[in-house]
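Shown below: start_9.cif, with mmCIF, C-alpha atoms.
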```cif
data_coords
loop_
_atom_site.group_PDB
_atom_site.id
_atom_site.type_symbol
_atom_site.label_atom_id
_atom_site.label_comp_id
_atom_site.auth_asym_id
_atom_site.auth_seq_id
_atom_site.Cartn_x
_atom_site.Cartn_y
_atom_site.Cartn_z
ATOM 1 C CA MET R 1183 -27.775 -54.796 27.266
ATOM 2 C CA ILE R 1184 -28.056 -55.500 23.555
ATOM 3 C CA ASN R 1185 -24.836 -56.268 21.794
ATOM 4 C CA SER R 1186 -26.213 -57.494 18.467
ATOM 5 C CA PHE R 1187 -26.396 -54.069 16.810
ATOM 6 C CA ALA R 1188 -23.380 -52.950 14.878
ATOM 7 C CA ASP R 1189 -21.844 -49.773 16.095
ATOM 8 C CA PRO R 1190 -22.520 -47.094 13.423
ATOM 9 C CA LEU R 1191 -19.124 -45.633 14.155
ATOM 10 C CA ASP R 1192 -17.550 -48.981 13.273
ATOM 11 C CA VAL R 1193 -19.108 -48.792 9.830
ATOM 12 C CA LEU R 1194 -17.740 -45.295 9.334
ATOM 13 C CA LEU R 1195 -14.349 -46.329 10.585
ATOM 14 C CA SER R 1196 -14.153 -49.272 8.196
ATOM 15 C CA LEU R 1197 -15.095 -46.961 5.323
ATOM 16 C CA GLN R 1198 -12.398 -44.571 6.437
ATOM 17 C CA ARG R 1199 -9.897 -47.405 6.519
ATOM 18 C CA ALA R 1200 -10.922 -48.586 3.036
ATOM 19 C CA LEU R 1201 -10.522 -45.069 1.636
ATOM 20 C CA ASP R 1202 -7.185 -44.616 3.346
ATOM 21 C CA ALA R 1203 -5.968 -47.906 1.930
ATOM 22 C CA GLN R 1204 -7.031 -46.797 -1.548
ATOM 23 C CA THR R 1205 -5.373 -43.394 -1.434
ATOM 24 C CA GLY R 1206 -2.353 -44.652 0.434
ATOM 25 C CA SER R 1207 -1.689 -47.553 -1.886
ATOM 26 C CA GLY R 1208 0.794 -45.556 -3.922
ATOM 27 C CA TRP R 1209 -1.015 -45.975 -7.206
ATOM 28 C CA LEU R 1210 -1.800 -43.008 -9.417
ATOM 29 C CA GLN R 1211 -0.848 -40.159 -7.184
ATOM 30 C CA ASN R 1212 -0.970 -36.579 -8.352
ATOM 31 C CA GLN R 1213 2.698 -36.181 -9.038
ATOM 32 C CA THR R 1214 2.519 -33.889 -12.012
ATOM 33 C CA ALA R 1215 0.179 -31.130 -13.025
ATOM 34 C CA SER R 1216 -0.994 -33.218 -15.916
ATOM 35 C CA GLN R 1217 -3.895 -35.346 -14.860
ATOM 36 C CA GLY R 1218 -7.038 -36.683 -16.343
ATOM 37 C CA PRO R 1219 -8.964 -39.890 -16.099
ATOM 38 C CA PHE R 1220 -8.372 -40.778 -19.751
ATOM 39 C CA PRO R 1221 -7.099 -43.221 -20.880
ATOM 40 C CA PRO R 1222 -8.177 -46.018 -18.532
ATOM 41 C CA ILE R 1223 -5.272 -48.140 -17.319
ATOM 42 C CA ASN R 1224 -5.077 -51.728 -16.121
ATOM 43 C CA VAL R 1225 -1.964 -52.794 -14.272
ATOM 44 C CA PHE R 1226 -0.866 -56.412 -13.990
ATOM 45 C CA GLN R 1227 2.021 -58.178 -12.395
ATOM 46 C CA LYS R 1228 4.068 -60.450 -14.599
ATOM 47 C CA GLY R 1229 6.758 -62.193 -12.650
ATOM 48 C CA ASP R 1230 8.999 -59.531 -11.167
ATOM 49 C CA ASP R 1231 7.868 -56.886 -13.612
ATOM 50 C CA VAL R 1232 4.769 -54.809 -14.082
ATOM 51 C CA LEU R 1233 2.626 -54.731 -17.214
ATOM 52 C CA ALA R 1234 0.345 -51.769 -17.871
ATOM 53 C CA ILE R 1235 -2.348 -52.147 -20.512
ATOM 54 C CA ILE R 1236 -4.068 -49.057 -21.836
ATOM 55 C CA GLU R 1237 -6.955 -48.908 -24.277
ATOM 56 C CA LEU R 1238 -6.515 -46.176 -26.872
ATOM 57 C CA PRO R 1239 -8.702 -47.024 -29.866
ATOM 58 C CA GLY R 1240 -8.396 -44.622 -32.760
ATOM 59 C CA VAL R 1241 -5.176 -42.999 -31.577
ATOM 60 C CA GLU R 1242 -2.381 -43.047 -34.102
ATOM 61 C CA LYS R 1243 1.069 -44.133 -33.022
ATOM 62 C CA SER R 1244 2.532 -40.802 -34.094
ATOM 63 C CA ASP R 1245 0.071 -38.958 -31.845
ATOM 64 C CA LEU R 1246 1.129 -40.857 -28.754
ATOM 65 C CA GLN R 1247 3.957 -39.882 -26.399
ATOM 66 C CA ILE R 1248 5.283 -41.907 -23.500
ATOM 67 C CA GLN R 1249 7.752 -40.548 -20.981
ATOM 68 C CA ALA R 1250 9.281 -42.422 -18.089
ATOM 69 C CA LYS R 1251 11.048 -41.175 -14.994
ATOM 70 C CA GLU R 1252 12.016 -43.236 -11.947
ATOM 71 C CA ASN R 1253 8.615 -44.533 -10.952
ATOM 72 C CA THR R 1254 6.265 -42.470 -13.077
ATOM 73 C CA ILE R 1255 5.047 -42.949 -16.622
ATOM 74 C CA ARG R 1256 3.390 -40.157 -18.507
ATOM 75 C CA ILE R 1257 1.065 -40.976 -21.374
ATOM 76 C CA SER R 1258 -0.072 -38.059 -23.479
ATOM 77 C CA GLY R 1259 -1.386 -37.467 -26.923
ATOM 78 C CA LYS R 1260 -4.430 -36.650 -28.915
ATOM 79 C CA LYS R 1261 -7.273 -38.522 -30.471
ATOM 80 C CA THR R 1262 -8.469 -36.995 -33.692
ATOM 81 C CA THR R 1263 -10.971 -37.772 -36.370
ATOM 82 C CA ASN R 1264 -10.984 -37.169 -40.087
ATOM 83 C CA TYR R 1265 -14.591 -37.651 -40.988
ATOM 84 C CA PRO R 1266 -15.604 -36.085 -44.273
ATOM 85 C CA GLU R 1267 -18.360 -33.553 -44.558
ATOM 86 C CA GLY R 1268 -21.772 -35.049 -44.182
ATOM 87 C CA SER R 1269 -24.650 -35.513 -41.849
ATOM 88 C CA VAL R 1270 -24.027 -37.237 -38.549
ATOM 89 C CA HIS R 1271 -26.498 -39.847 -37.388
ATOM 90 C CA ARG R 1272 -24.790 -41.034 -34.268
ATOM 91 C CA ARG R 1273 -21.955 -39.676 -32.195
ATOM 92 C CA GLU R 1274 -20.731 -41.799 -29.334
ATOM 93 C CA ARG R 1275 -16.959 -41.658 -29.618
ATOM 94 C CA VAL R 1276 -15.013 -38.917 -27.877
ATOM 95 C CA PHE R 1277 -12.072 -36.997 -29.261
ATOM 96 C CA GLY R 1278 -9.554 -34.611 -27.807
ATOM 97 C CA GLU R 1279 -6.274 -34.373 -25.973
ATOM 98 C CA PHE R 1280 -5.233 -36.493 -23.048
ATOM 99 C CA ASP R 1281 -2.429 -36.463 -20.559
ATOM 100 C CA ARG R 1282 -2.132 -38.920 -17.748
ATOM 101 C CA THR R 1283 0.563 -39.902 -15.322
ATOM 102 C CA LEU R 1284 0.818 -43.355 -13.850
ATOM 103 C CA SER R 1285 2.759 -43.538 -10.650
ATOM 104 C CA LEU R 1286 4.033 -46.878 -9.437
ATOM 105 C CA PRO R 1287 5.029 -47.903 -5.950
ATOM 106 C CA ILE R 1288 8.210 -49.493 -7.317
ATOM 107 C CA GLN R 1289 11.366 -48.098 -8.901
ATOM 108 C CA LEU R 1290 11.560 -48.674 -12.628
ATOM 109 C CA ASP R 1291 14.404 -49.203 -15.017
ATOM 110 C CA PRO R 1292 13.529 -46.502 -17.601
ATOM 111 C CA ASP R 1293 16.004 -47.814 -20.181
ATOM 112 C CA ARG R 1294 14.397 -51.212 -20.331
ATOM 113 C CA ILE R 1295 10.784 -50.118 -20.670
ATOM 114 C CA ARG R 1296 9.155 -51.572 -23.757
ATOM 115 C CA ALA R 1297 6.026 -50.173 -25.358
ATOM 116 C CA GLU R 1298 3.888 -52.010 -27.850
ATOM 117 C CA PHE R 1299 0.886 -50.499 -29.585
ATOM 118 C CA ARG R 1300 -1.369 -52.875 -31.476
ATOM 119 C CA ASP R 1301 -5.023 -52.701 -32.465
ATOM 120 C CA GLY R 1302 -5.615 -49.676 -30.274
ATOM 121 C CA VAL R 1303 -4.136 -51.245 -27.157
ATOM 122 C CA LEU R 1304 -0.932 -49.983 -25.613
ATOM 123 C CA ALA R 1305 1.061 -52.475 -23.570
ATOM 124 C CA LEU R 1306 3.870 -51.151 -21.408
ATOM 125 C CA MET R 1307 6.376 -53.594 -19.982
ATOM 126 C CA LEU R 1308 7.750 -51.898 -16.926
ATOM 127 C CA PRO R 1309 10.786 -53.729 -15.551
ATOM 128 C CA ARG R 1310 11.669 -53.322 -11.937
ATOM 129 C CA ALA R 1311 14.967 -51.542 -11.315
ATOM 130 C CA GLU R 1312 17.885 -53.836 -10.490
ATOM 131 C CA SER R 1313 18.298 -52.128 -7.133
ATOM 132 C CA GLU R 1314 14.729 -53.074 -6.259
ATOM 133 C CA LYS R 1315 15.097 -56.755 -6.876
ATOM 134 C CA PRO R 1316 15.462 -58.970 -3.866
ATOM 135 C CA ARG R 1317 18.834 -60.548 -3.344
ATOM 136 C CA THR R 1318 19.576 -63.865 -1.864
ATOM 137 C CA ILE R 1319 22.060 -63.633 0.921
ATOM 138 C CA LYS R 1320 24.424 -66.511 1.273
ATOM 139 C CA ILE R 1321 25.047 -67.751 4.742
ATOM 140 C CA THR R 1322 28.690 -68.218 5.309
ATOM 141 C CA MET S 884 -4.672 -27.907 -16.216
ATOM 142 C CA ILE S 885 -5.740 -24.406 -17.126
ATOM 143 C CA GLY S 886 -8.606 -24.118 -19.502
ATOM 144 C CA ARG S 887 -7.852 -27.390 -21.200
ATOM 145 C CA GLN S 888 -10.563 -29.960 -21.325
ATOM 146 C CA HIS S 889 -9.521 -33.482 -20.670
ATOM 147 C CA LEU S 890 -11.049 -36.495 -22.244
ATOM 148 C CA GLN S 891 -13.385 -38.399 -20.012
ATOM 149 C CA VAL S 892 -13.435 -42.151 -19.746
ATOM 150 C CA GLN S 893 -16.493 -43.732 -21.283
ATOM 151 C CA ARG S 894 -18.058 -46.536 -19.347
ATOM 152 C CA LYS S 895 -18.313 -49.667 -21.391
ATOM 153 C CA ARG S 896 -21.882 -50.684 -22.010
ATOM 154 C CA GLU S 897 -22.481 -54.368 -21.538
ATOM 155 C CA HIS S 898 -24.374 -56.212 -24.209
ATOM 156 C CA GLU S 899 -27.767 -57.530 -23.233
ATOM 157 C CA THR S 900 -27.915 -60.950 -24.761
ATOM 158 C CA ARG S 901 -30.882 -63.202 -24.654
ATOM 159 C CA GLU S 902 -28.766 -66.307 -24.774
ATOM 160 C CA GLU S 903 -26.754 -67.321 -21.803
ATOM 161 C CA THR S 904 -23.099 -67.990 -22.295
ATOM 162 C CA THR S 905 -21.513 -71.312 -21.509
ATOM 163 C CA ILE S 906 -18.216 -69.775 -20.496
ATOM 164 C CA PRO S 907 -17.990 -66.734 -18.242
ATOM 165 C CA THR S 908 -17.195 -63.945 -20.678
ATOM 166 C CA ARG S 909 -18.404 -60.432 -20.984
ATOM 167 C CA VAL S 910 -19.724 -58.923 -24.169
ATOM 168 C CA PHE S 911 -19.657 -55.172 -24.629
ATOM 169 C CA VAL S 912 -21.351 -52.850 -27.073
ATOM 170 C CA PRO S 913 -18.666 -51.026 -29.044
ATOM 171 C CA THR S 914 -19.055 -47.255 -29.158
ATOM 172 C CA ALA S 915 -20.086 -46.179 -32.620
ATOM 173 C CA ASP S 916 -20.214 -43.144 -34.837
ATOM 174 C CA ILE S 917 -22.446 -43.131 -37.905
ATOM 175 C CA TYR S 918 -22.287 -40.525 -40.594
ATOM 176 C CA GLU S 919 -23.655 -40.180 -44.076
ATOM 177 C CA THR S 920 -22.156 -38.635 -47.166
ATOM 178 C CA LYS S 921 -23.523 -38.307 -50.671
ATOM 179 C CA ASP S 922 -22.569 -41.845 -51.663
ATOM 180 C CA VAL S 923 -22.045 -43.843 -48.497
ATOM 181 C CA LEU S 924 -23.170 -44.459 -44.987
ATOM 182 C CA ALA S 925 -20.222 -45.059 -42.674
ATOM 183 C CA VAL S 926 -20.299 -46.931 -39.378
ATOM 184 C CA ILE S 927 -17.221 -46.511 -37.182
ATOM 185 C CA LEU S 928 -16.853 -48.866 -34.227
ATOM 186 C CA GLU S 929 -14.262 -48.854 -31.465
ATOM 187 C CA MET S 930 -13.030 -52.339 -30.649
ATOM 188 C CA PRO S 931 -9.652 -52.029 -28.928
ATOM 189 C CA GLY S 932 -7.561 -55.174 -28.773
ATOM 190 C CA VAL S 933 -9.472 -57.110 -31.393
ATOM 191 C CA GLU S 934 -7.367 -58.525 -34.205
ATOM 192 C CA LYS S 935 -8.380 -58.371 -37.843
ATOM 193 C CA ASP S 936 -9.151 -62.065 -38.240
ATOM 194 C CA GLN S 937 -11.269 -62.093 -35.109
ATOM 195 C CA ILE S 938 -13.899 -59.769 -36.528
ATOM 196 C CA THR S 939 -17.063 -61.036 -38.183
ATOM 197 C CA VAL S 940 -19.260 -58.719 -40.183
ATOM 198 C CA ARG S 941 -22.360 -60.285 -41.685
ATOM 199 C CA VAL S 942 -25.624 -59.137 -43.166
ATOM 200 C CA GLU S 943 -28.702 -61.200 -42.461
ATOM 201 C CA ASP S 944 -32.341 -60.274 -43.005
ATOM 202 C CA GLY S 945 -31.464 -56.625 -43.411
ATOM 203 C CA LEU S 946 -29.493 -56.603 -40.175
ATOM 204 C CA LEU S 947 -25.799 -55.820 -40.018
ATOM 205 C CA TYR S 948 -24.049 -57.860 -37.330
ATOM 206 C CA VAL S 949 -20.612 -56.920 -36.094
ATOM 207 C CA GLU S 950 -18.762 -59.213 -33.742
ATOM 208 C CA GLY S 951 -15.249 -58.902 -32.390
ATOM 209 C CA ARG S 952 -13.629 -61.565 -30.294
ATOM 210 C CA LEU S 953 -10.837 -60.617 -27.946
ATOM 211 C CA ASP S 954 -7.906 -62.955 -27.475
ATOM 212 C CA LEU S 955 -8.260 -63.520 -23.744
ATOM 213 C CA THR S 956 -5.346 -65.943 -23.589
ATOM 214 C CA LYS S 957 -3.015 -62.942 -23.562
ATOM 215 C CA TYR S 958 -4.324 -62.102 -20.127
ATOM 216 C CA GLN S 959 -3.776 -65.565 -18.702
ATOM 217 C CA GLY S 960 -1.254 -65.803 -15.935
ATOM 218 C CA LEU S 961 -1.354 -62.085 -15.253
ATOM 219 C CA GLN S 962 -2.039 -61.032 -11.727
ATOM 220 C CA PRO S 963 -4.136 -57.865 -11.591
ATOM 221 C CA LEU S 964 -2.770 -55.083 -9.421
ATOM 222 C CA TYR S 965 -4.927 -52.142 -10.364
ATOM 223 C CA ILE S 966 -7.954 -52.387 -12.641
ATOM 224 C CA GLU S 967 -9.892 -49.542 -14.222
ATOM 225 C CA TYR S 968 -11.734 -51.215 -17.056
ATOM 226 C CA ASN S 969 -13.096 -54.613 -17.935
ATOM 227 C CA ILE S 970 -12.308 -56.567 -21.032
ATOM 228 C CA GLY S 971 -14.536 -58.740 -23.138
ATOM 229 C CA HIS S 972 -15.821 -59.431 -26.590
ATOM 230 C CA TYR S 973 -17.727 -56.911 -28.665
ATOM 231 C CA SER S 974 -21.043 -57.307 -30.405
ATOM 232 C CA ARG S 975 -23.490 -54.916 -31.987
ATOM 233 C CA SER S 976 -26.096 -55.015 -34.727
ATOM 234 C CA PHE S 977 -27.725 -52.356 -36.859
ATOM 235 C CA GLN S 978 -30.812 -52.355 -39.006
ATOM 236 C CA LEU S 979 -30.032 -51.502 -42.600
ATOM 237 C CA SER S 980 -32.288 -49.505 -44.820
ATOM 238 C CA SER S 981 -33.110 -50.809 -48.271
ATOM 239 C CA LYS S 982 -31.150 -47.910 -49.754
ATOM 240 C CA ILE S 983 -27.926 -49.692 -48.847
ATOM 241 C CA ASP S 984 -26.281 -51.980 -51.375
ATOM 242 C CA GLN S 985 -25.757 -54.944 -49.096
ATOM 243 C CA THR S 986 -23.385 -56.709 -51.467
ATOM 244 C CA LYS S 987 -20.842 -53.900 -51.547
ATOM 245 C CA ILE S 988 -20.165 -53.353 -47.846
ATOM 246 C CA ALA S 989 -16.469 -52.746 -47.158
ATOM 247 C CA ALA S 990 -14.607 -52.921 -43.857
ATOM 248 C CA ALA S 991 -11.228 -51.697 -42.611
ATOM 249 C CA LEU S 992 -9.517 -52.001 -39.233
ATOM 250 C CA ASN S 993 -7.101 -49.343 -37.993
ATOM 251 C CA ASP S 994 -5.757 -48.976 -34.440
ATOM 252 C CA GLY S 995 -8.671 -50.870 -32.936
ATOM 253 C CA VAL S 996 -11.269 -48.934 -34.889
ATOM 254 C CA LEU S 997 -13.434 -50.757 -37.418
ATOM 255 C CA SER S 998 -14.724 -48.618 -40.279
ATOM 256 C CA LEU S 999 -17.606 -50.012 -42.291
ATOM 257 C CA THR S 1000 -18.511 -48.363 -45.558
ATOM 258 C CA LEU S 1001 -22.027 -49.032 -46.733
ATOM 259 C CA PRO S 1002 -22.602 -47.750 -50.258
ATOM 260 C CA LYS S 1003 -26.030 -46.498 -51.200
ATOM 261 C CA VAL S 1004 -27.777 -48.158 -54.104
ATOM 262 C CA GLU S 1005 -27.521 -46.422 -57.459
ATOM 263 C CA ASP S 1006 -31.198 -46.174 -57.999
ATOM 264 C CA ALA S 1007 -33.592 -46.475 -55.130
ATOM 265 C CA LYS S 1008 -36.350 -46.362 -57.693
ATOM 266 C CA PRO S 1009 -39.764 -47.634 -56.774
ATOM 267 C CA ARG S 1010 -40.680 -50.722 -58.753
ATOM 268 C CA VAL S 1011 -43.982 -51.061 -60.489
ATOM 269 C CA ILE S 1012 -45.647 -54.381 -59.971
ATOM 270 C CA THR S 1013 -47.967 -55.467 -62.689
ATOM 271 C CA ILE S 1014 -51.066 -57.363 -61.792
ATOM 272 C CA SER S 1015 -51.371 -60.502 -63.831
#
```
Could the structure of this file be written out as structure tokens, please?
Amino acid sequence: MINSFADPLDVLLSLQRALDAQTGSGWLQNQTASQGPFPPINVFQKGDDVLAIIELPGVEKSDLQIQAKENTIRISGKKTTNYPEGSVHRRERVFGEFDRTLSLPIQLDPDRIRAEFRDGVLALMLPRAESEKPRTIKIT
Amino acid sequence: MIGRQHLQVQRKREHETREETTIPTRVFVPTADIYETKDVLAVILEMPGVEKDQITVRVEDGLLYVEGRLDLTKYQGLQPLYIEYNIGHYSRSFQLSSKIDQTKIAAALNDGVLSLTLPKVEDAKPRVITIS
């Protein structure tokens, strides 16, 4: 009996597990009707809090809306251009409306969320809700 | 989501450099729009996260070089949880035609978008060379 061949079902099962882990991780679930892949989001951990960094080059601050609720953040707005009349030689940039919801696996403190928009990069400081923070229990 | 088209994410194109880097950094090609009006040629480049003093625009041998360095120290000490895009420096070069006045190139940075204005020369007249 040959045991050295990998079971093809094992491969499928590990793929299944990887996909389940991805979808079950709690990140970016479809919680609202508004969804789209733009803008791309990077999420980092900074101490107890979460920092989301979003690239939005060419979007004006006044065209950007951020809404927060419990553990979801909605980023919506529009990216417009004001090119004068003339012939176009190259068109690589994309323009239009966007609406994206970021869902986090932790409870947020919506009042303490800070947003900073500089050089086309939006940084969202998302503090963990007080009720979420671990407490040290004193042994009496 | 009825009938409304959503913006798609553009994949960042990595710059193909001939030189190898000494430190592990990535260099991307910024997405660009180029349009021409009666008086100017405009080059618009997207370089999110790059600060004004970290951009170099230079003209050399009829080539326009644009370089933007990202301050990567801001990302130090951050533990990634969920990553959708990569970060790195930006670099791109364009060949200029002789109809561009290379001494009068202007640049402006707004919300991570660099706008270069390249004025056309007043008279792109052909010169007559006399044989001595």
Residues of chain R that approach chain S to 10 Å or less, counting all atoms listed in the file: could you list each one with the shortest pair of atoms and its distance in Å to one decimal, rows by chain and increasing residue number, as a Markdown table?
```
| residue | atom | partner | partner_atom | distance |
| --- | --- | --- | --- | --- |
| R:Trp1209 | CA | S:Tyr965 | CA | 8.0 |
| R:Leu1210 | CA | S:Tyr965 | CA | 9.7 |
| R:Ala1215 | CA | S:Met884 | CA | 6.6 |
| R:Ser1216 | CA | S:Met884 | CA | 6.5 |
| R:Gln1217 | CA | S:Met884 | CA | 7.6 |
| R:Gly1218 | CA | S:His889 | CA | 5.9 |
| R:Pro1219 | CA | S:Gln891 | CA | 6.1 |
| R:Phe1220 | CA | S:Val892 | CA | 5.2 |
| R:Pro1221 | CA | S:Val892 | CA | 6.5 |
| R:Pro1222 | CA | S:Glu967 | CA | 5.8 |
| R:Ile1223 | CA | S:Glu967 | CA | 5.7 |
| R:Asn1224 | CA | S:Ile966 | CA | 4.6 |
| R:Val1225 | CA | S:Tyr965 | CA | 4.9 |
| R:Phe1226 | CA | S:Pro963 | CA | 4.3 |
| R:Gln1227 | CA | S:Gln962 | CA | 5.0 |
| R:Lys1228 | CA | S:Leu961 | CA | 5.7 |
| R:Gly1229 | CA | S:Leu961 | CA | 8.5 |
| R:Val1232 | CA | S:Leu964 | CA | 8.9 |
| R:Leu1233 | CA | S:Leu961 | CA | 8.6 |
| R:Ala1234 | CA | S:Tyr965 | CA | 9.2 |
| R:Ile1235 | CA | S:Ile966 | CA | 9.7 |
| R:Ile1236 | CA | S:Tyr968 | CA | 9.3 |
| R:Glu1237 | CA | S:Pro931 | CA | 6.2 |
| R:Leu1238 | CA | S:Pro931 | CA | 7.0 |
| R:Pro1239 | CA | S:Gly995 | CA | 4.9 |
| R:Gly1240 | CA | S:Asp994 | CA | 5.4 |
| R:Val1241 | CA | S:Asp994 | CA | 6.7 |
| R:Glu1242 | CA | S:Asp994 | CA | 6.8 |
| R:Lys1243 | CA | S:Asp994 | CA | 8.5 |
| R:Lys1260 | CA | S:Leu890 | CA | 9.4 |
| R:Lys1261 | CA | S:Leu890 | CA | 9.3 |
| R:Tyr1265 | CA | S:Tyr918 | CA | 8.2 |
| R:Pro1266 | CA | S:Thr920 | CA | 7.6 |
| R:Glu1267 | CA | S:Thr920 | CA | 6.9 |
| R:Gly1268 | CA | S:Thr920 | CA | 4.7 |
| R:Ser1269 | CA | S:Glu919 | CA | 5.3 |
| R:Val1270 | CA | S:Tyr918 | CA | 4.2 |
| R:His1271 | CA | S:Ile917 | CA | 5.2 |
| R:Arg1272 | CA | S:Ile917 | CA | 4.8 |
| R:Arg1273 | CA | S:Asp916 | CA | 4.7 |
| R:Glu1274 | CA | S:Ala915 | CA | 5.5 |
| R:Arg1275 | CA | S:Thr914 | CA | 6.0 |
| R:Val1276 | CA | S:Leu890 | CA | 7.3 |
| R:Phe1277 | CA | S:Leu890 | CA | 7.1 |
| R:Gly1278 | CA | S:Leu890 | CA | 6.1 |
| R:Glu1279 | CA | S:His889 | CA | 6.3 |
| R:Phe1280 | CA | S:His889 | CA | 5.8 |
| R:Asp1281 | CA | S:His889 | CA | 7.7 |
| R:Arg1282 | CA | S:His889 | CA | 9.6 |
| R:Phe1299 | CA | S:Asp994 | CA | 8.4 |
| R:Arg1300 | CA | S:Asp994 | CA | 6.6 |
| R:Asp1301 | CA | S:Gly995 | CA | 4.1 |
| R:Gly1302 | CA | S:Gly995 | CA | 4.2 |
| R:Val1303 | CA | S:Gly932 | CA | 5.5 |
| R:Leu1304 | CA | S:Gly932 | CA | 9.0 |
```
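Counting all atoms listed in the file, Leu1290 in chain R has the following residues at most 6 Å away, ignoring those fewer than 4 positions along the same chain: Glu1252, Asn1253, Pro1309, Arg1310 and Ala1311 of chain R.
A straight line drawn from CA of Thr1283 in chain R to CA of Ser1244 in chain R is 18.9 Å long.
Contact shell of Lys1251 in chain R at 10 Å (all atoms listed in the file; same-chain neighbours under 6 positions omitted): Ser1285, Gln1289, Leu1290, Asp1291, Pro1292 and Asp1293 of chain R.
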Keeping C-alpha atoms for every residue in the selection just given, could you write it to a file as a PDB file, in the coordinates of the input?
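Final file, part_27.pdb:
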```
ATOM      1  CA  SER R1285       2.759 -43.538 -10.650  1.00  0.00           C
ATOM      2  CA  GLN R1289      11.366 -48.098  -8.901  1.00  0.00           C
ATOM      3  CA  LEU R1290      11.560 -48.674 -12.628  1.00  0.00           C
ATOM      4  CA  ASP R1291      14.404 -49.203 -15.017  1.00  0.00           C
ATOM      5  CA  PRO R1292      13.529 -46.502 -17.601  1.00  0.00           C
ATOM      6  CA  ASP R1293      16.004 -47.814 -20.181  1.00  0.00           C
TER       7      ASP R1293
END
```
*Near Asp984 in chain S, within 7 Å and counting only C-alpha atoms, which residues show up once chain neighbours fewer than 3 positions away are dropped, as a list of chain:residue names?*
S:Lys987, S:Leu1001, S:Pro1002, S:Lys1003, S:Val1004
*Measure the distance from CA of Gln1249 in chain R to CA of Thr1263 in chain R in Å and round it to one decimal.*
24.4 Å
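Here CA of Arg896 in chain S is placed at a distance of 16.0 Å from CA of Phe977 in chain S.
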*Point out the residue among S:Arg975, S:Asp922, S:Ser980, S:Thr908 with the least atom-to-atom distance to Leu955 in chain S, counting only C-alpha atoms.*
S:Thr908
*Could you give me, as a VMD selection string, the residues within 10 Å of Val910 in chain S, counting only C-alpha atoms and dropping anything in the same chain fewer than 4 positions from it?*
chain S and resid 895 to 900 904 950 to 953 970 to 975
*Tell me, as a count of residues only, which residues lie within 6 Å of Tyr948 in chain S, counting only C-alpha atoms; anything in the same chain fewer than 2 positions away does not count.*
3
Output as a PDB file, in the frame of the given file: range 1188-1200 of chain R, completed with N, CA and C atoms.
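Produced file part.pdb, reproduced below:
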```
ATOM      1  N   ALA R1188     -24.715 -53.413  15.257  1.00  0.00           N
ATOM      2  CA  ALA R1188     -23.380 -52.950  14.878  1.00  0.00           C
ATOM      3  C   ALA R1188     -23.246 -51.483  15.270  1.00  0.00           C
ATOM      4  N   ASP R1189     -22.117 -51.157  15.730  1.00  0.00           N
ATOM      5  CA  ASP R1189     -21.844 -49.773  16.095  1.00  0.00           C
ATOM      6  C   ASP R1189     -21.761 -48.935  14.820  1.00  0.00           C
ATOM      7  N   PRO R1190     -22.591 -47.900  14.663  1.00  0.00           N
ATOM      8  CA  PRO R1190     -22.520 -47.094  13.423  1.00  0.00           C
ATOM      9  C   PRO R1190     -21.149 -46.467  13.212  1.00  0.00           C
ATOM     10  N   LEU R1191     -20.465 -46.209  14.305  1.00  0.00           N
ATOM     11  CA  LEU R1191     -19.124 -45.633  14.155  1.00  0.00           C
ATOM     12  C   LEU R1191     -18.152 -46.638  13.563  1.00  0.00           C
ATOM     13  N   ASP R1192     -18.393 -47.920  13.840  1.00  0.00           N
ATOM     14  CA  ASP R1192     -17.550 -48.981  13.273  1.00  0.00           C
ATOM     15  C   ASP R1192     -17.639 -48.991  11.758  1.00  0.00           C
ATOM     16  N   VAL R1193     -18.883 -48.810  11.277  1.00  0.00           N
ATOM     17  CA  VAL R1193     -19.108 -48.792   9.830  1.00  0.00           C
ATOM     18  C   VAL R1193     -18.333 -47.636   9.210  1.00  0.00           C
ATOM     19  N   LEU R1194     -18.449 -46.474   9.849  1.00  0.00           N
ATOM     20  CA  LEU R1194     -17.740 -45.295   9.334  1.00  0.00           C
ATOM     21  C   LEU R1194     -16.239 -45.494   9.370  1.00  0.00           C
ATOM     22  N   LEU R1195     -15.791 -46.114  10.450  1.00  0.00           N
ATOM     23  CA  LEU R1195     -14.349 -46.329  10.585  1.00  0.00           C
ATOM     24  C   LEU R1195     -13.822 -47.287   9.516  1.00  0.00           C
ATOM     25  N   SER R1196     -14.615 -48.323   9.207  1.00  0.00           N
ATOM     26  CA  SER R1196     -14.153 -49.272   8.196  1.00  0.00           C
ATOM     27  C   SER R1196     -14.140 -48.629   6.816  1.00  0.00           C
ATOM     28  N   LEU R1197     -15.090 -47.714   6.584  1.00  0.00           N
ATOM     29  CA  LEU R1197     -15.095 -46.961   5.323  1.00  0.00           C
ATOM     30  C   LEU R1197     -13.849 -46.082   5.251  1.00  0.00           C
ATOM     31  N   GLN R1198     -13.583 -45.429   6.354  1.00  0.00           N
ATOM     32  CA  GLN R1198     -12.398 -44.571   6.437  1.00  0.00           C
ATOM     33  C   GLN R1198     -11.126 -45.370   6.147  1.00  0.00           C
ATOM     34  N   ARG R1199     -11.067 -46.556   6.721  1.00  0.00           N
ATOM     35  CA  ARG R1199      -9.897 -47.405   6.519  1.00  0.00           C
ATOM     36  C   ARG R1199      -9.777 -47.824   5.054  1.00  0.00           C
ATOM     37  N   ALA R1200     -10.930 -48.160   4.441  1.00  0.00           N
ATOM     38  CA  ALA R1200     -10.922 -48.586   3.036  1.00  0.00           C
ATOM     39  C   ALA R1200     -10.447 -47.447   2.138  1.00  0.00           C
TER      40      ALA R1200
END
```
